[in-house]
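Structure data follow from coords27.pdb (PDB, C-alpha atoms):
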ATOM      1  CA  MET A1405      31.242 -92.423  74.771
ATOM      2  CA  SER A1406      30.935 -90.813  78.198
ATOM      3  CA  PHE A1407      27.133 -90.738  77.920
ATOM      4  CA  VAL A1408      27.034 -94.413  77.048
ATOM      5  CA  ARG A1409      29.237 -95.164  80.012
ATOM      6  CA  ALA A1410      26.899 -93.199  82.302
ATOM      7  CA  SER A1411      23.871 -95.102  81.083
ATOM      8  CA  ARG A1412      25.421 -98.426  82.181
ATOM      9  CA  ARG A1413      25.840 -97.386  85.782
ATOM     10  CA  THR A1414      22.961 -99.465  87.184
ATOM     11  CA  ALA A1415      25.312-101.896  88.945
ATOM     12  CA  LEU A1416      26.513 -99.278  91.409
ATOM     13  CA  THR A1417      24.777 -98.468  94.655
ATOM     14  CA  SER A1418      22.310 -95.620  94.362
ATOM     15  CA  ALA A1419      24.558 -93.165  96.205
ATOM     16  CA  ALA A1420      27.576 -93.988  94.065
ATOM     17  CA  ALA A1421      25.441 -93.888  90.918
ATOM     18  CA  VAL A1422      24.233 -90.381  91.620
ATOM     19  CA  VAL A1423      27.739 -89.118  92.274
ATOM     20  CA  THR A1424      29.220 -90.965  89.326
ATOM     21  CA  GLY A1425      26.524 -89.863  86.930
ATOM     22  CA  ALA A1426      26.803 -86.229  87.898
ATOM     23  CA  LEU A1427      30.572 -86.214  87.642
ATOM     24  CA  LEU A1428      30.777 -88.039  84.348
ATOM     25  CA  LEU A1429      28.099 -85.870  82.768
ATOM     26  CA  THR A1430      30.146 -82.874  83.819
ATOM     27  CA  GLY A1431      33.168 -84.536  82.258
ATOM     28  CA  CYS A1432      31.135 -85.175  79.111
ATOM     29  CA  GLY A1433      30.536 -81.458  78.742
ATOM     30  CA  ASP A1434      34.246 -80.797  79.143
ATOM     31  CA  ASP A1435      35.060 -83.428  76.487
ATOM     32  CA  GLU A1436      32.683 -81.822  74.026
ATOM     33  CA  GLY A1437      34.326 -78.476  74.573
ATOM     34  CA  SER A1438      37.716 -79.981  73.996
ATOM     35  CA  ASP A1439      36.555 -81.714  70.826
ATOM     36  CA  SER A1440      35.033 -78.504  69.554
ATOM     37  CA  ALA A1441      38.260 -76.603  70.108
ATOM     38  CA  GLY A1442      40.636 -79.291  68.895
ATOM     39  CA  GLY A1443      38.445 -80.690  66.118
ATOM     40  CA  GLN A1444      39.114 -84.372  67.010
ATOM     41  CA  GLU A1445      38.289 -86.962  69.612
ATOM     42  CA  SER A1446      40.757 -88.680  71.895
ATOM     43  CA  SER A1447      42.120 -91.877  70.322
ATOM     44  CA  THR A1448      41.684 -95.319  71.826
ATOM     45  CA  ARG A1449      43.252 -98.718  71.317
ATOM     46  CA  GLN A1450      42.107-102.213  72.159
ATOM     47  CA  VAL A1451      43.800-104.655  74.535
ATOM     48  CA  THR A1452      42.820-108.162  75.572
ATOM     49  CA  ASP A1453      43.033-108.556  79.321
ATOM     50  CA  ALA A1454      43.907-111.605  81.454
ATOM     51  CA  THR A1455      40.272-112.727  81.539
ATOM     52  CA  GLY A1456      39.927-112.630  77.752
ATOM     53  CA  ARG A1457      37.899-109.410  77.695
ATOM     54  CA  GLU A1458      38.597-106.990  74.844
ATOM     55  CA  VAL A1459      38.813-103.497  76.321
ATOM     56  CA  ASP A1460      39.016-100.170  74.519
ATOM     57  CA  VAL A1461      41.516 -98.067  76.461
ATOM     58  CA  PRO A1462      42.850 -94.534  75.967
ATOM     59  CA  ALA A1463      45.964 -94.393  73.802
ATOM     60  CA  ASP A1464      47.379 -91.833  76.211
ATOM     61  CA  PRO A1465      45.642 -92.280  79.596
ATOM     62  CA  GLU A1466      45.812 -89.268  81.879
ATOM     63  CA  LYS A1467      43.848 -90.285  84.992
ATOM     64  CA  VAL A1468      44.769 -93.830  85.915
ATOM     65  CA  VAL A1469      43.540 -95.724  88.970
ATOM     66  CA  THR A1470      45.491 -98.808  90.105
ATOM     67  CA  LEU A1471      43.561-101.160  92.381
ATOM     68  CA  SER A1472      46.259-103.744  93.141
ATOM     69  CA  GLU A1473      49.783-103.583  94.518
ATOM     70  CA  PRO A1474      51.461-104.925  91.346
ATOM     71  CA  THR A1475      49.636-102.512  89.025
ATOM     72  CA  LEU A1476      50.579 -99.571  91.253
ATOM     73  CA  ASP A1477      54.205-100.741  91.324
ATOM     74  CA  ALA A1478      54.213-101.177  87.541
ATOM     75  CA  ALA A1479      52.653 -97.798  86.807
ATOM     76  CA  LEU A1480      55.143 -95.979  89.046
ATOM     77  CA  ALA A1481      58.060 -97.856  87.492
ATOM     78  CA  LEU A1482      56.901 -96.523  84.109
ATOM     79  CA  GLY A1483      56.635 -92.957  85.387
ATOM     80  CA  VAL A1484      52.825 -92.961  85.601
ATOM     81  CA  ARG A1485      51.525 -91.500  88.859
ATOM     82  CA  PRO A1486      47.959 -92.751  89.418
ATOM     83  CA  VAL A1487      45.277 -90.404  90.698
ATOM     84  CA  GLY A1488      43.835 -93.223  92.799
ATOM     85  CA  THR A1489      45.213 -96.462  94.160
ATOM     86  CA  THR A1490      45.063 -99.186  96.790
ATOM     87  CA  ALA A1491      46.426 -99.379 100.305
ATOM     88  CA  GLY A1492      49.250-101.844 100.809
ATOM     89  CA  ARG A1493      48.423-105.212 102.321
ATOM     90  CA  GLY A1494      48.097-104.769 106.080
ATOM     91  CA  GLN A1495      48.675-100.998 105.809
ATOM     92  CA  LYS A1496      46.464 -97.915 105.921
ATOM     93  CA  GLY A1497      48.246 -96.114 103.124
ATOM     94  CA  VAL A1498      50.242 -97.021 100.031
ATOM     95  CA  SER A1499      52.912 -99.698 100.534
ATOM     96  CA  THR A1500      55.796 -97.988 102.294
ATOM     97  CA  TYR A1501      58.346 -98.785  99.586
ATOM     98  CA  LEU A1502      56.139 -96.966  97.057
ATOM     99  CA  ALA A1503      54.931 -94.058  99.182
ATOM    100  CA  ASP A1504      57.439 -91.474  97.932
ATOM    101  CA  LYS A1505      56.819 -92.236  94.255
ATOM    102  CA  ALA A1506      53.032 -92.443  94.679
ATOM    103  CA  GLY A1507      52.863 -88.870  95.927
ATOM    104  CA  LYS A1508      49.320 -87.664  96.539
ATOM    105  CA  ALA A1509      47.517 -90.566  94.888
ATOM    106  CA  GLU A1510      44.252 -91.014  96.765
ATOM    107  CA  VAL A1511      43.708 -94.373  98.426
ATOM    108  CA  VAL A1512      40.325 -95.621  97.183
ATOM    109  CA  ALA A1513      40.693 -99.338  97.870
ATOM    110  CA  THR A1514      42.218-102.095  99.928
ATOM    111  CA  VAL A1515      43.130-105.570  98.705
ATOM    112  CA  ALA A1516      39.673-106.625  99.935
ATOM    113  CA  GLU A1517      37.395-103.988  98.401
ATOM    114  CA  ALA A1518      37.154-100.673  96.583
ATOM    115  CA  ASP A1519      35.225 -97.569  97.578
ATOM    116  CA  LEU A1520      33.328 -97.119  94.322
ATOM    117  CA  GLU A1521      31.995 -93.665  95.202
ATOM    118  CA  LYS A1522      35.456 -92.270  95.962
ATOM    119  CA  LEU A1523      36.828 -93.948  92.870
ATOM    120  CA  ALA A1524      34.123 -92.502  90.599
ATOM    121  CA  ALA A1525      34.709 -89.010  91.999
ATOM    122  CA  LEU A1526      38.249 -89.128  90.572
ATOM    123  CA  GLN A1527      36.803 -89.428  87.031
ATOM    124  CA  PRO A1528      39.458 -91.896  85.851
ATOM    125  CA  ASP A1529      39.960 -92.724  82.205
ATOM    126  CA  LEU A1530      41.552 -96.123  82.946
ATOM    127  CA  ILE A1531      41.326 -98.615  85.826
ATOM    128  CA  LEU A1532      43.945-101.334  86.303
ATOM    129  CA  LEU A1533      43.930-104.310  88.665
ATOM    130  CA  ASP A1534      44.822-107.999  88.784
ATOM    131  CA  GLU A1535      43.769-111.133  90.611
ATOM    132  CA  THR A1536      45.978-110.478  93.652
ATOM    133  CA  THR A1537      43.070-108.393  94.955
ATOM    134  CA  ALA A1538      39.502-109.368  95.807
ATOM    135  CA  VAL A1539      38.388-106.221  93.950
ATOM    136  CA  LYS A1540      38.477-108.420  90.822
ATOM    137  CA  LYS A1541      34.908-109.388  91.762
ATOM    138  CA  GLU A1542      33.820-105.804  91.085
ATOM    139  CA  VAL A1543      34.927-105.585  87.436
ATOM    140  CA  SER A1544      31.388-105.237  86.104
ATOM    141  CA  LYS A1545      30.867-102.228  88.374
ATOM    142  CA  LEU A1546      34.286-100.759  87.706
ATOM    143  CA  GLU A1547      33.892-100.849  83.934
ATOM    144  CA  SER A1548      30.765 -98.701  84.227
ATOM    145  CA  ILE A1549      33.045 -95.979  85.626
ATOM    146  CA  ALA A1550      35.970 -96.301  83.201
ATOM    147  CA  PRO A1551      37.655 -98.857  80.926
ATOM    148  CA  THR A1552      38.892-101.600  83.271
ATOM    149  CA  VAL A1553      41.755-103.990  82.522
ATOM    150  CA  VAL A1554      42.561-107.099  84.587
ATOM    151  CA  THR A1555      46.261-107.373  83.824
ATOM    152  CA  ALA A1556      47.138-110.766  85.329
ATOM    153  CA  LYS A1557      45.805-113.963  86.841
ATOM    154  CA  LEU A1558      46.697-114.981  90.380
ATOM    155  CA  ASN A1559      50.231-116.413  90.699
ATOM    156  CA  GLU A1560      51.200-115.036  87.285
ATOM    157  CA  ASP A1561      54.876-114.602  86.425
ATOM    158  CA  TRP A1562      55.661-111.076  87.625
ATOM    159  CA  LYS A1563      57.397-110.052  84.408
ATOM    160  CA  LYS A1564      54.429-111.135  82.308
ATOM    161  CA  ALA A1565      52.096-109.245  84.641
ATOM    162  CA  PHE A1566      54.262-106.127  84.404
ATOM    163  CA  THR A1567      54.362-106.305  80.612
ATOM    164  CA  ALA A1568      50.573-106.630  80.456
ATOM    165  CA  THR A1569      50.135-103.567  82.691
ATOM    166  CA  ALA A1570      52.598-101.657  80.529
ATOM    167  CA  ASP A1571      50.658-102.667  77.424
ATOM    168  CA  ALA A1572      47.436-101.275  78.917
ATOM    169  CA  LEU A1573      49.337 -98.021  79.528
ATOM    170  CA  ASN A1574      50.743 -98.092  75.978
ATOM    171  CA  GLN A1575      54.295 -98.380  77.328
ATOM    172  CA  LYS A1576      55.243-101.937  76.445
ATOM    173  CA  ALA A1577      58.533-100.912  74.829
ATOM    174  CA  GLU A1578      59.598 -99.033  77.959
ATOM    175  CA  ALA A1579      58.734-102.069  80.082
ATOM    176  CA  GLU A1580      60.935-104.283  77.927
ATOM    177  CA  LYS A1581      63.851-101.885  78.457
ATOM    178  CA  LEU A1582      63.352-101.946  82.221
ATOM    179  CA  LEU A1583      63.236-105.734  82.268
ATOM    180  CA  SER A1584      66.373-106.002  80.139
ATOM    181  CA  GLY A1585      68.212-103.739  82.572
ATOM    182  CA  PHE A1586      66.961-105.750  85.521
ATOM    183  CA  ASP A1587      68.042-109.044  83.971
ATOM    184  CA  ALA A1588      71.506-107.618  83.325
ATOM    185  CA  ASP A1589      71.797-106.560  86.961
ATOM    186  CA  VAL A1590      70.687-110.006  88.123
ATOM    187  CA  ALA A1591      73.374-111.626  85.978
ATOM    188  CA  ALA A1592      76.002-109.262  87.381
ATOM    189  CA  ALA A1593      74.930-109.950  90.970
ATOM    190  CA  LYS A1594      74.932-113.715  90.367
ATOM    191  CA  GLY A1595      78.551-113.509  89.304
ATOM    192  CA  LYS A1596      79.483-111.891  92.618
ATOM    193  CA  LEU A1597      77.923-114.418  94.998
ATOM    194  CA  GLY A1598      81.167-116.299  95.577
ATOM    195  CA  GLU A1599      80.798-118.771  98.452
ATOM    196  CA  ASN A1600      77.078-117.941  98.634
ATOM    197  CA  ALA A1601      76.438-119.317  95.146
ATOM    198  CA  GLY A1602      73.602-121.817  95.449
ATOM    199  CA  ALA A1603      72.906-120.856  99.077
ATOM    200  CA  VAL A1604      69.568-121.795 100.640
ATOM    201  CA  VAL A1605      67.530-118.636 101.181
ATOM    202  CA  SER A1606      64.437-118.594 103.383
ATOM    203  CA  VAL A1607      61.901-115.760 103.251
ATOM    204  CA  VAL A1608      59.494-115.198 106.126
ATOM    205  CA  ARG A1609      57.023-112.629 107.322
ATOM    206  CA  TRP A1610      56.714-112.350 111.087
ATOM    207  CA  GLN A1611      53.198-111.552 112.240
ATOM    208  CA  ASN A1612      51.210-112.289 115.398
ATOM    209  CA  LYS A1613      54.334-113.701 117.077
ATOM    210  CA  ALA A1614      54.864-116.397 114.448
ATOM    211  CA  PRO A1615      56.335-116.730 110.945
ATOM    212  CA  SER A1616      54.699-117.269 107.580
ATOM    213  CA  ALA A1617      56.605-118.481 104.544
ATOM    214  CA  VAL A1618      56.272-116.158 101.555
ATOM    215  CA  GLY A1619      57.713-115.643  98.104
ATOM    216  CA  ARG A1620      57.123-119.047  96.556
ATOM    217  CA  GLY A1621      56.584-119.524  92.837
ATOM    218  CA  VAL A1622      57.266-117.016  90.064
ATOM    219  CA  GLY A1623      56.369-113.807  91.864
ATOM    220  CA  HIS A1624      58.989-111.084  92.166
ATOM    221  CA  VAL A1625      60.622-112.734  95.205
ATOM    222  CA  GLY A1626      60.716-116.358  94.109
ATOM    223  CA  ALA A1627      61.682-115.568  90.517
ATOM    224  CA  THR A1628      64.537-113.272  91.565
ATOM    225  CA  ILE A1629      65.942-115.830  94.004
ATOM    226  CA  THR A1630      65.787-118.493  91.292
ATOM    227  CA  ALA A1631      67.401-116.219  88.697
ATOM    228  CA  LEU A1632      70.324-115.689  91.087
ATOM    229  CA  GLY A1633      70.843-119.450  91.232
ATOM    230  CA  LEU A1634      69.882-119.603  94.898
ATOM    231  CA  ASP A1635      67.893-122.397  96.515
ATOM    232  CA  ARG A1636      64.952-122.453  98.952
ATOM    233  CA  PRO A1637      64.124-124.595 102.001
ATOM    234  CA  LYS A1638      62.108-127.674 101.062
ATOM    235  CA  ASP A1639      58.841-126.196 102.365
ATOM    236  CA  GLN A1640      59.308-123.018 100.289
ATOM    237  CA  GLN A1641      59.790-124.739  96.945
ATOM    238  CA  GLY A1642      57.206-124.947  94.193
ATOM    239  CA  THR A1643      54.095-122.806  93.948
ATOM    240  CA  GLY A1644      52.285-121.804  97.118
ATOM    241  CA  THR A1645      48.589-122.312  97.735
ATOM    242  CA  GLY A1646      48.093-118.709  98.813
ATOM    243  CA  HIS A1647      49.781-115.398  99.457
ATOM    244  CA  SER A1648      51.532-116.728 102.565
ATOM    245  CA  GLU A1649      51.634-119.959 104.511
ATOM    246  CA  PRO A1650      51.717-119.860 108.320
ATOM    247  CA  VAL A1651      54.389-121.926 110.067
ATOM    248  CA  SER A1652      53.790-123.214 113.583
ATOM    249  CA  LEU A1653      56.477-122.516 116.172
ATOM    250  CA  GLU A1654      56.792-126.292 116.636
ATOM    251  CA  LYS A1655      58.049-126.480 113.040
ATOM    252  CA  LEU A1656      60.356-123.474 113.220
ATOM    253  CA  SER A1657      63.220-125.498 111.774
ATOM    254  CA  THR A1658      61.406-125.631 108.410
ATOM    255  CA  ILE A1659      62.091-121.952 107.812
ATOM    256  CA  ASP A1660      65.848-122.321 108.362
ATOM    257  CA  GLY A1661      68.438-121.863 105.639
ATOM    258  CA  ASP A1662      71.892-120.479 104.992
ATOM    259  CA  TRP A1663      70.229-117.067 104.992
ATOM    260  CA  LEU A1664      66.936-115.873 106.440
ATOM    261  CA  LEU A1665      65.277-112.807 104.898
ATOM    262  CA  PHE A1666      63.031-111.524 107.663
ATOM    263  CA  GLY A1667      60.335-108.849 107.566
ATOM    264  CA  THR A1668      56.768-107.826 108.287
ATOM    265  CA  LEU A1669      54.198-106.140 106.052
ATOM    266  CA  GLY A1670      55.582-102.736 106.981
ATOM    267  CA  ASP A1671      58.933-101.024 106.676
ATOM    268  CA  ARG A1672      62.364-102.098 107.902
ATOM    269  CA  ALA A1673      61.817-100.471 111.307
ATOM    270  CA  ASP A1674      58.772-102.692 111.837
ATOM    271  CA  GLY A1675      60.911-105.639 110.841
ATOM    272  CA  GLU A1676      63.553-104.793 113.419
ATOM    273  CA  LYS A1677      60.920-104.768 116.163
ATOM    274  CA  ALA A1678      59.568-108.114 114.984
ATOM    275  CA  TYR A1679      63.071-109.579 114.848
ATOM    276  CA  ALA A1680      63.667-108.582 118.465
ATOM    277  CA  GLU A1681      60.450-110.392 119.337
ATOM    278  CA  ALA A1682      61.416-113.468 117.325
ATOM    279  CA  LYS A1683      64.746-113.806 119.114
ATOM    280  CA  ASN A1684      62.834-114.411 122.347
ATOM    281  CA  VAL A1685      60.942-117.346 120.842
ATOM    282  CA  PRO A1686      62.218-120.756 121.983
ATOM    283  CA  ASN A1687      64.370-122.483 119.317
ATOM    284  CA  PHE A1688      64.739-119.374 117.147
ATOM    285  CA  GLY A1689      68.292-119.077 118.424
ATOM    286  CA  LYS A1690      68.977-122.620 117.224
ATOM    287  CA  LEU A1691      68.354-121.722 113.578
ATOM    288  CA  LYS A1692      71.517-121.898 111.492
ATOM    289  CA  ALA A1693      70.867-118.491 109.951
ATOM    290  CA  GLU A1694      70.528-116.915 113.392
ATOM    291  CA  ARG A1695      73.622-118.648 114.791
ATOM    292  CA  GLU A1696      75.756-117.510 111.873
ATOM    293  CA  GLY A1697      74.474-113.941 111.802
ATOM    294  CA  HIS A1698      72.711-114.470 108.490
ATOM    295  CA  VAL A1699      69.307-113.052 109.385
ATOM    296  CA  VAL A1700      68.663-110.018 107.181
ATOM    297  CA  VAL A1701      65.831-107.655 108.146
ATOM    298  CA  VAL A1702      64.224-106.360 104.957
ATOM    299  CA  GLN A1703      61.697-103.797 103.750
ATOM    300  CA  GLY A1704      58.729-106.092 104.280
ATOM    301  CA  SER A1705      56.229-104.143 102.192
ATOM    302  CA  ALA A1706      58.377-104.903  99.129
ATOM    303  CA  TRP A1707      59.257-108.492 100.033
ATOM    304  CA  ASN A1708      56.144-109.874 101.669
ATOM    305  CA  SER A1709      53.319-108.771  99.428
ATOM    306  CA  ALA A1710      52.541-108.842  95.718
ATOM    307  CA  GLY A1711      54.712-106.514  93.663
ATOM    308  CA  GLY A1712      56.275-105.572  90.363
ATOM    309  CA  PRO A1713      59.606-104.249  89.066
ATOM    310  CA  LEU A1714      60.176-101.782  91.904
ATOM    311  CA  ALA A1715      59.638-104.506  94.515
ATOM    312  CA  ALA A1716      61.853-106.872  92.527
ATOM    313  CA  ARG A1717      64.575-104.214  92.555
ATOM    314  CA  VAL A1718      64.372-103.994  96.361
ATOM    315  CA  VAL A1719      64.663-107.792  96.570
ATOM    316  CA  LEU A1720      67.672-107.851  94.230
ATOM    317  CA  ASP A1721      69.411-105.008  96.049
ATOM    318  CA  ASP A1722      68.884-106.624  99.470
ATOM    319  CA  LEU A1723      70.152-110.002  98.299
ATOM    320  CA  THR A1724      73.140-108.448  96.571
ATOM    321  CA  ALA A1725      74.076-106.409  99.641
ATOM    322  CA  ALA A1726      73.831-109.453 101.924
ATOM    323  CA  LEU A1727      75.224-112.279  99.804
ATOM    324  CA  ALA A1728      77.550-110.637  97.303
ATOM    325  CA  SER A1729      79.563-108.534  99.735
TER     326      SER A1729
END
Have the structure of the file written as structure tokens, please.
Amino acid sequence: MSFVRASRRTALTSAAAVVTGALLLTGCGDDEGSDSAGGQESSTRQVTDATGREVDVPADPEKVVTLSEPTLDAALALGVRPVGTTAGRGQKGVSTYLADKAGKAEVVATVAEADLEKLAALQPDLILLDETTAVKKEVSKLESIAPTVVTAKLNEDWKKAFTATADALNQKAEAEKLLSGFDADVAAAKGKLGENAGAVVSVVRWQNKAPSAVGRGVGHVGATITALGLDRPKDQQGTGTGHSEPVSLEKLSTIDGDWLLFGTLGDRADGEKAYAEAKNVPNFGKLKAEREGHVVVVQGSAWNSAGGPLAARVVLDDLTAALAS
């Protein structure tokens, strides 16, 4: 199987092809030794990915690469530490809320592109990504390195995307347990909202001295807010046209609500700096949330990018701490 995979490597650049071929042929020799000693080959199973492709994946993958933020989040939630992964949106390394769990996973991609040579050098046995990343355009090249599964379409329900990633990792049952626990915690938090039941919650990312509305639709932010029975400002309802939607300072009032969840693409410290900047913007002080002390600075890397169950947990915990106290 490894030799067949090496023979399909024509789509890579010549430099990457040389490196990939040499490494995988070395791996092929190791596999043969293992088969000779153990008397059997590694088992595989077939999954159908979000694009309709049928992919043979390892039944027990050992060297996983995750090339999108949601697939990294999902893998870590399931106790799988990838050997290679993507940098967080707007960050040089892994998203800050995942950094501790990700450990020494090598960054081999951004949301815009993957470094195929670095990726091949890791000799992965499974590559996971979804349509939140532009790397989806490279699937034909990626699958010549290792079995590649596109787990979800763009704007997919986050729970469905998580379950699909878990299925590719052969951990669907564990994913269902995690989701059941999360749903129970959401129900418990909803019962504690008191006077904040049904409150209007606005979610913004502050960048380049202006806000962008984020978290619309059925991603981990929008779905969690909806599950808690909370509402959104008019301009943050429905499904968004993209990852975020810039708001001009002339229309600052459109981001107002009973509560304003405020962050950047970085950690909470970055959010605090941005909040100090925002308070100097004309009319920001007129927002109801600001007047009433209801601006909550959050871990932006979990709130303001694509994510999975770990990001959803951060969102739930922040909302519970702010609104259910």
Residues of region 1439-1530 of chain A within 12 Å of region 1619-1635 of chain A: nearest atom pair and distance (Å, one decimal) for each, counting all atoms listed in the file, sorted by chain and number, as CSV?
residue,atom,partner,partner_atom,distance
A:Pro1474,CA,A:His1624,CA,9.8
A:Asp1477,CA,A:His1624,CA,11.4
A:Ala1478,CA,A:His1624,CA,11.9
Could those selected residues go to a file with C-alpha atoms, as a PDB file, in the frame of the given file?
ATOM      1  CA  PRO A1474      51.461-104.925  91.346  1.00  0.00           C
ATOM      2  CA  ASP A1477      54.205-100.741  91.324  1.00  0.00           C
ATOM      3  CA  ALA A1478      54.213-101.177  87.541  1.00  0.00           C
TER       4      ALA A1478
END
Output check: residues returned by the PyMOL selection byres ((chain A and resi 1517) around 9), as a list of chain:residue names:
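Residues picked by the PyMOL selection byres ((chain A and resi 1517) around 9): A:Val1512, A:Ala1513, A:Thr1514, A:Val1515, A:Ala1516, A:Ala1518, A:Asp1519, A:Leu1520, A:Thr1537, A:Ala1538, A:Val1539, A:Lys1540, A:Lys1541, A:Glu1542.
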Give me the region 1478-1499 of chain A side of the contact with region 1553-1566 of chain A, cut-off 12 Å, one line per residue showing its nearest atom pair and distance in Å at one decimal, counting only C-alpha atoms, sorted by chain and residue number, as a Markdown table.
| residue | atom | partner | partner_atom | distance |
| --- | --- | --- | --- | --- |
| A:Ala1478 | CA | A:Phe1566 | CA | 5.9 |
| A:Ala1479 | CA | A:Phe1566 | CA | 8.8 |
| A:Leu1480 | CA | A:Phe1566 | CA | 11.2 |
| A:Ala1481 | CA | A:Phe1566 | CA | 9.6 |
| A:Leu1482 | CA | A:Phe1566 | CA | 10.0 |
I'd like the residues picked by the PyMOL selection byres ((chain A and resi 1573) around 9) written out as an mmCIF file with C-alpha atoms, in the coordinates of the input, using the chain letters and numbers from the file.
data_model
loop_
_atom_site.group_PDB
_atom_site.id
_atom_site.type_symbol
_atom_site.label_atom_id
_atom_site.label_comp_id
_atom_site.auth_asym_id
_atom_site.auth_seq_id
_atom_site.Cartn_x
_atom_site.Cartn_y
_atom_site.Cartn_z
ATOM 1 C CA VAL A 1461 41.516 -98.067 76.461
ATOM 2 C CA PRO A 1462 42.850 -94.534 75.967
ATOM 3 C CA ALA A 1463 45.964 -94.393 73.802
ATOM 4 C CA ASP A 1464 47.379 -91.833 76.211
ATOM 5 C CA PRO A 1465 45.642 -92.280 79.596
ATOM 6 C CA VAL A 1468 44.769 -93.830 85.915
ATOM 7 C CA ALA A 1479 52.653 -97.798 86.807
ATOM 8 C CA LEU A 1482 56.901 -96.523 84.109
ATOM 9 C CA VAL A 1484 52.825 -92.961 85.601
ATOM 10 C CA LEU A 1530 41.552 -96.123 82.946
ATOM 11 C CA ALA A 1568 50.573 -106.630 80.456
ATOM 12 C CA THR A 1569 50.135 -103.567 82.691
ATOM 13 C CA ALA A 1570 52.598 -101.657 80.529
ATOM 14 C CA ASP A 1571 50.658 -102.667 77.424
ATOM 15 C CA ALA A 1572 47.436 -101.275 78.917
ATOM 16 C CA ASN A 1574 50.743 -98.092 75.978
ATOM 17 C CA GLN A 1575 54.295 -98.380 77.328
ATOM 18 C CA LYS A 1576 55.243 -101.937 76.445
#
Taking the file as shown, find all residues satisfying the PyMOL selection byres ((chain A and resi 1650) around 7) and write them as a list of chain:residue names.
A:Pro1615, A:Ser1616, A:Ala1617, A:Ser1648, A:Glu1649, A:Val1651, A:Ser1652
